[in-house]
Amino acid sequence: MAANDKRPIVVKRIKKIAGGAHGGAWKIAYADFVTAMMAFFLLMWLLGSTAKEDLAGISEYFKTPLKIAMSGGSNSGESSSMIKGGGQDATRSKGEMRKGEVKPEKKIELKTPEVKSQEEIKKIEKQKEIEKLKELKTSIEKAIEASQRLQQFKKQILLDITTEGLRIQIVDEKNRPMFRSGSAQLEPYTKDILHDIGKMLNQVPNKISLSGHTDGEPYSVGDKGFGNWELSAERANASRRELILGGLIDEKVVRVVGLSSVVLFDKLDPFNPINRRISIIVMNKQAEESARNDGGTVEVDATTDAQQPVMGGVAAMPPAAPTAATH
């Protein structure tokens, strides 16, 4: 290059802009977007967990905040208010608490059991009493089966539940009477039966009633005026004594009656030996109250359930005229 050929020196300076299309401004925009979305989801969650009544109250407040603030009224969101909103705190629904407020103690109301009527109580007590008498009946039946002495007389011991309670009847057989003929003297095996039954009757607190029965054969032996009424009453009382000797508590007996031949076991055959019997009734409360008040009791026939009234110690029907007897 010649010495005179001088060219200017050009210096190019390139200004580089840091970031450019790949700068950090988008991060700020993204952060704003995420924040907005979070706020949106929080709003949706709050709206979803708020009752419709509360939402209506809040909406009403924001529509006319000045009017509601001036007029006062129920707190915002109170569902029992016709016009929602107002009050001291528009964002406070009934039941919420501010900081520093003491939560009142919750009163626990104890529900009292439903009071049953007297009739219901009596029905329950009656049912329980029947169950106890049935248990006693089962217990006596098992004792008869278990005892060799009583097992031979089980055909003469009849048990059933009547309107008065548990009835135990000891009946005569043709060749095995309970009493000496025409008297109130018990046979030895009859005493054994009564002794064993007397012990078992103490299993329940119920009172006892005894009644004596004869067959339809008129009585004509002995003093004048002594008949089936007197004989049946003496036999019932003799049975009471043997029950007590067997272990029955004396105070459990509240009635001893003689019924003559008024209530026959076999109505078709008044002279059947089975009509001569001793009836022991373990009384329910109703029958016991009737006996204590000296009211009429009821003797239920074993075959037809016919009922005959009995007043005190003698039946309501007069005895038949005495002729001959084989009692």
# chains A, B, ... in the order shown; residues from 1 in each chain; ligands from 1
call {"tool": "residues_around", "arguments": {"residues": "range 198-201 of chain A", "least_positions_apart": "5", "cutoff": "10 Å", "atoms": "only C-alpha atoms", "output": "list in words"}}
result
Leu136, Lys137, Ser139, Ile140, Ala143, Asp192, Ile193, Asn206, Lys207, Ile208, Arg240, Glu242, Leu243, Ile244, Leu245, Gly246, Gly247, Leu248, Ile249, Lys252 and Val282 of chain A
call {"tool": "residues_around", "arguments": {"residues": "Leu231 in chain A", "least_positions_apart": "6", "cutoff": "9 Å", "atoms": "only C-alpha atoms", "output": "PyMOL selection string"}}
result
chain A and resi 182-184+212-214+219+258+260
call {"tool": "write_last_selection", "arguments": {"atoms": "C-alpha atoms", "output": "mmCIF file, in the first residue's frame"}}
result
data_model
loop_
_atom_site.group_PDB
_atom_site.id
_atom_site.type_symbol
_atom_site.label_atom_id
_atom_site.label_comp_id
_atom_site.auth_asym_id
_atom_site.auth_seq_id
_atom_site.Cartn_x
_atom_site.Cartn_y
_atom_site.Cartn_z
ATOM 1 C CA GLY A 182 -116.903 -89.735 104.529
ATOM 2 C CA SER A 183 -114.191 -87.927 106.547
ATOM 3 C CA ALA A 184 -111.485 -85.284 106.301
ATOM 4 C CA GLY A 212 -112.336 -78.580 98.638
ATOM 5 C CA HIS A 213 -114.697 -80.394 96.251
ATOM 6 C CA THR A 214 -116.936 -83.462 96.563
ATOM 7 C CA TYR A 219 -123.766 -86.922 102.287
ATOM 8 C CA GLY A 258 -115.565 -75.628 100.660
ATOM 9 C CA SER A 260 -119.336 -79.109 97.814
#
call {"tool": "residues_around", "arguments": {"residues": "Phe153 in chain A", "least_positions_apart": "3", "cutoff": "10 Å", "atoms": "only C-alpha atoms", "output": "list in words"}}
result
Ile144, Gln148, Arg149, Leu150, Gln156, Ile157, Ile170, Val171, Glu173, Arg176, Tyr189, Thr190 and Ile193 of chain A
call {"tool": "write_last_selection", "arguments": {"atoms": "N, CA and C atoms", "output": "PDB file, in the first residue's frame"}}
result
ATOM      1  N   ILE A 144     -92.058 -83.624  89.957  1.00  0.00           N
ATOM      2  CA  ILE A 144     -92.885 -84.844  89.963  1.00  0.00           C
ATOM      3  C   ILE A 144     -92.208 -85.945  89.163  1.00  0.00           C
ATOM      4  N   GLN A 148     -89.464 -90.389  92.718  1.00  0.00           N
ATOM      5  CA  GLN A 148     -90.076 -91.718  92.590  1.00  0.00           C
ATOM      6  C   GLN A 148     -91.375 -91.800  93.392  1.00  0.00           C
ATOM      7  N   ARG A 149     -91.432 -91.074  94.505  1.00  0.00           N
ATOM      8  CA  ARG A 149     -92.630 -91.104  95.342  1.00  0.00           C
ATOM      9  C   ARG A 149     -93.798 -90.397  94.659  1.00  0.00           C
ATOM     10  N   LEU A 150     -93.512 -89.258  93.983  1.00  0.00           N
ATOM     11  CA  LEU A 150     -94.586 -88.499  93.348  1.00  0.00           C
ATOM     12  C   LEU A 150     -94.930 -89.017  91.957  1.00  0.00           C
ATOM     13  N   GLN A 156    -102.799 -88.066  89.209  1.00  0.00           N
ATOM     14  CA  GLN A 156    -103.743 -87.435  90.133  1.00  0.00           C
ATOM     15  C   GLN A 156    -103.393 -85.971  90.418  1.00  0.00           C
ATOM     16  N   ILE A 157    -102.269 -85.512  89.886  1.00  0.00           N
ATOM     17  CA  ILE A 157    -101.853 -84.109  90.093  1.00  0.00           C
ATOM     18  C   ILE A 157    -101.976 -83.382  88.762  1.00  0.00           C
ATOM     19  N   ILE A 170    -105.418 -81.899  93.050  1.00  0.00           N
ATOM     20  CA  ILE A 170    -105.124 -83.272  93.462  1.00  0.00           C
ATOM     21  C   ILE A 170    -106.457 -84.004  93.493  1.00  0.00           C
ATOM     22  N   VAL A 171    -106.623 -84.951  92.577  1.00  0.00           N
ATOM     23  CA  VAL A 171    -107.927 -85.596  92.372  1.00  0.00           C
ATOM     24  C   VAL A 171    -107.893 -87.042  92.858  1.00  0.00           C
ATOM     25  N   GLU A 173    -108.716 -91.083  92.489  1.00  0.00           N
ATOM     26  CA  GLU A 173    -108.890 -92.152  91.523  1.00  0.00           C
ATOM     27  C   GLU A 173    -109.840 -93.187  92.116  1.00  0.00           C
ATOM     28  N   ARG A 176    -107.941 -95.210  94.504  1.00  0.00           N
ATOM     29  CA  ARG A 176    -106.952 -94.487  95.300  1.00  0.00           C
ATOM     30  C   ARG A 176    -107.535 -93.132  95.729  1.00  0.00           C
ATOM     31  N   TYR A 189    -100.331 -91.256 101.568  1.00  0.00           N
ATOM     32  CA  TYR A 189     -99.726 -90.793 100.313  1.00  0.00           C
ATOM     33  C   TYR A 189    -100.215 -89.386  99.951  1.00  0.00           C
ATOM     34  N   THR A 190    -101.432 -89.026 100.371  1.00  0.00           N
ATOM     35  CA  THR A 190    -101.911 -87.658 100.131  1.00  0.00           C
ATOM     36  C   THR A 190    -101.087 -86.662 100.933  1.00  0.00           C
ATOM     37  N   ILE A 193     -97.803 -86.062  99.118  1.00  0.00           N
ATOM     38  CA  ILE A 193     -97.971 -85.168  97.970  1.00  0.00           C
ATOM     39  C   ILE A 193     -98.036 -83.718  98.434  1.00  0.00           C
TER      40      ILE A 193
END
call {"tool": "closest_residue", "arguments": {"among": "A:Gln118, A:Ser147, A:Ser49, A:Ser209", "to": "Ile281 in chain A", "atoms": "only C-alpha atoms"}}
result
A:Ser209
call {"tool": "atom_distance", "arguments": {"atom1": "CA of Thr162 in chain A", "atom2": "CA of Asn175 in chain A"}}
result
28.7 Å
call {"tool": "select_by_dssp", "arguments": {"residues": "range 133-210 of chain A", "states": "strand (DSSP E)", "output": "count of residues only"}}
result
15
call {"tool": "select_by_dssp", "arguments": {"residues": "range 120-302 of chain A", "states": "helix (DSSP H, G or I)", "output": "ChimeraX atom specification"}}
result
/A:120-146,148-151,154-156,188-203,228-245,250-252,273-275,285-292
call {"tool": "atom_distance", "arguments": {"atom1": "CA of Gly165 in chain A", "atom2": "CA of Arg292 in chain A"}}
result
15.5 Å
call {"tool": "residues_around", "arguments": {"residues": "Val256 in chain A", "least_positions_apart": "3", "cutoff": "7 Å", "atoms": "only C-alpha atoms", "output": "VMD selection string"}}
result
chain A and resid 209 to 211 236 to 237 313
call {"tool": "write_last_selection", "arguments": {"atoms": "N, CA and C atoms", "output": "mmCIF file, in the first residue's frame"}}
result
data_model
loop_
_atom_site.group_PDB
_atom_site.id
_atom_site.type_symbol
_atom_site.label_atom_id
_atom_site.label_comp_id
_atom_site.auth_asym_id
_atom_site.auth_seq_id
_atom_site.Cartn_x
_atom_site.Cartn_y
_atom_site.Cartn_z
ATOM 1 N N SER A 209 -104.713 -69.970 97.685
ATOM 2 C CA SER A 209 -106.121 -70.205 97.991
ATOM 3 C C SER A 209 -106.400 -71.698 97.847
ATOM 4 N N LEU A 210 -107.140 -72.279 98.803
ATOM 5 C CA LEU A 210 -107.468 -73.702 98.774
ATOM 6 C C LEU A 210 -108.984 -73.868 98.720
ATOM 7 N N SER A 211 -109.422 -74.839 97.941
ATOM 8 C CA SER A 211 -110.843 -75.159 97.889
ATOM 9 C C SER A 211 -111.018 -76.671 97.855
ATOM 10 N N ALA A 236 -110.570 -79.183 102.811
ATOM 11 C CA ALA A 236 -109.709 -78.082 102.358
ATOM 12 C C ALA A 236 -108.829 -77.600 103.506
ATOM 13 N N ASN A 237 -109.394 -77.491 104.709
ATOM 14 C CA ASN A 237 -108.617 -77.022 105.862
ATOM 15 C C ASN A 237 -107.586 -78.060 106.296
ATOM 16 N N GLY A 313 -116.464 -68.573 102.447
ATOM 17 C CA GLY A 313 -116.086 -69.972 102.622
ATOM 18 C C GLY A 313 -117.109 -70.944 102.111
#
call {"tool": "closest_residue", "arguments": {"among": "A:Leu42, A:Val257, A:Trp26, A:Ala238", "to": "Ala291 in chain A", "atoms": "only C-alpha atoms"}}
result
A:Val257
call {"tool": "residues_around", "arguments": {"residues": "Asn228 in chain A", "least_positions_apart": "2", "cutoff": "9 Å", "atoms": "only C-alpha atoms", "output": "list in words"}}
result
His213, Thr214, Asp215, Gly216, Glu217, Pro218, Tyr219, Ser220, Phe226, Glu230, Leu231, Ser232, Ala233, Gly258, Leu259, Ser260, Ser261, Pro319, Ala320 and Pro322 of chain A
call {"tool": "atom_distance", "arguments": {"atom1": "CA of Asp172 in chain A", "atom2": "CA of Ile274 in chain A"}}
result
5.0 Å
call {"tool": "decode", "arguments": {"residues": "range 195-207 of chain A", "atoms": "N, CA and C atoms", "output": "CSV table (one decimal), in the first residue's frame"}}
result
chain,number,residue,atom,x,y,z
A,195,HIS,N,-97.0,-82.4,101.3
A,195,HIS,CA,-95.7,-82.0,101.9
A,195,HIS,C,-94.7,-81.5,100.8
A,196,ASP,N,-94.6,-82.3,99.7
A,196,ASP,CA,-93.7,-81.9,98.6
A,196,ASP,C,-94.1,-80.7,97.9
A,197,ILE,N,-95.4,-80.5,97.7
A,197,ILE,CA,-95.9,-79.4,97.0
A,197,ILE,C,-95.8,-78.1,97.8
A,198,GLY,N,-96.0,-78.3,99.2
A,198,GLY,CA,-95.9,-77.1,100.1
A,198,GLY,C,-94.5,-76.5,100.0
A,199,LYS,N,-93.4,-77.3,99.9
A,199,LYS,CA,-92.1,-76.7,99.8
A,199,LYS,C,-91.9,-75.9,98.5
A,200,MET,N,-92.5,-76.4,97.4
A,200,MET,CA,-92.3,-75.8,96.1
A,200,MET,C,-93.0,-74.5,96.0
A,201,LEU,N,-94.1,-74.3,96.7
A,201,LEU,CA,-95.0,-73.1,96.6
A,201,LEU,C,-94.3,-71.9,97.2
A,202,ASN,N,-93.2,-72.1,97.9
A,202,ASN,CA,-92.5,-71.0,98.5
A,202,ASN,C,-91.5,-70.3,97.5
A,203,GLN,N,-91.5,-70.9,96.3
A,203,GLN,CA,-90.6,-70.3,95.3
A,203,GLN,C,-91.1,-69.0,94.7
A,204,VAL,N,-92.4,-68.7,94.9
A,204,VAL,CA,-92.9,-67.4,94.4
A,204,VAL,C,-93.6,-66.7,95.6
A,205,PRO,N,-93.7,-65.4,95.6
A,205,PRO,CA,-94.3,-64.6,96.7
A,205,PRO,C,-95.8,-64.6,96.7
A,206,ASN,N,-96.4,-65.2,95.7
A,206,ASN,CA,-97.9,-65.2,95.5
A,206,ASN,C,-98.6,-65.9,96.7
A,207,LYS,N,-99.8,-65.4,97.0
A,207,LYS,CA,-100.6,-66.0,98.0
A,207,LYS,C,-101.3,-67.2,97.5
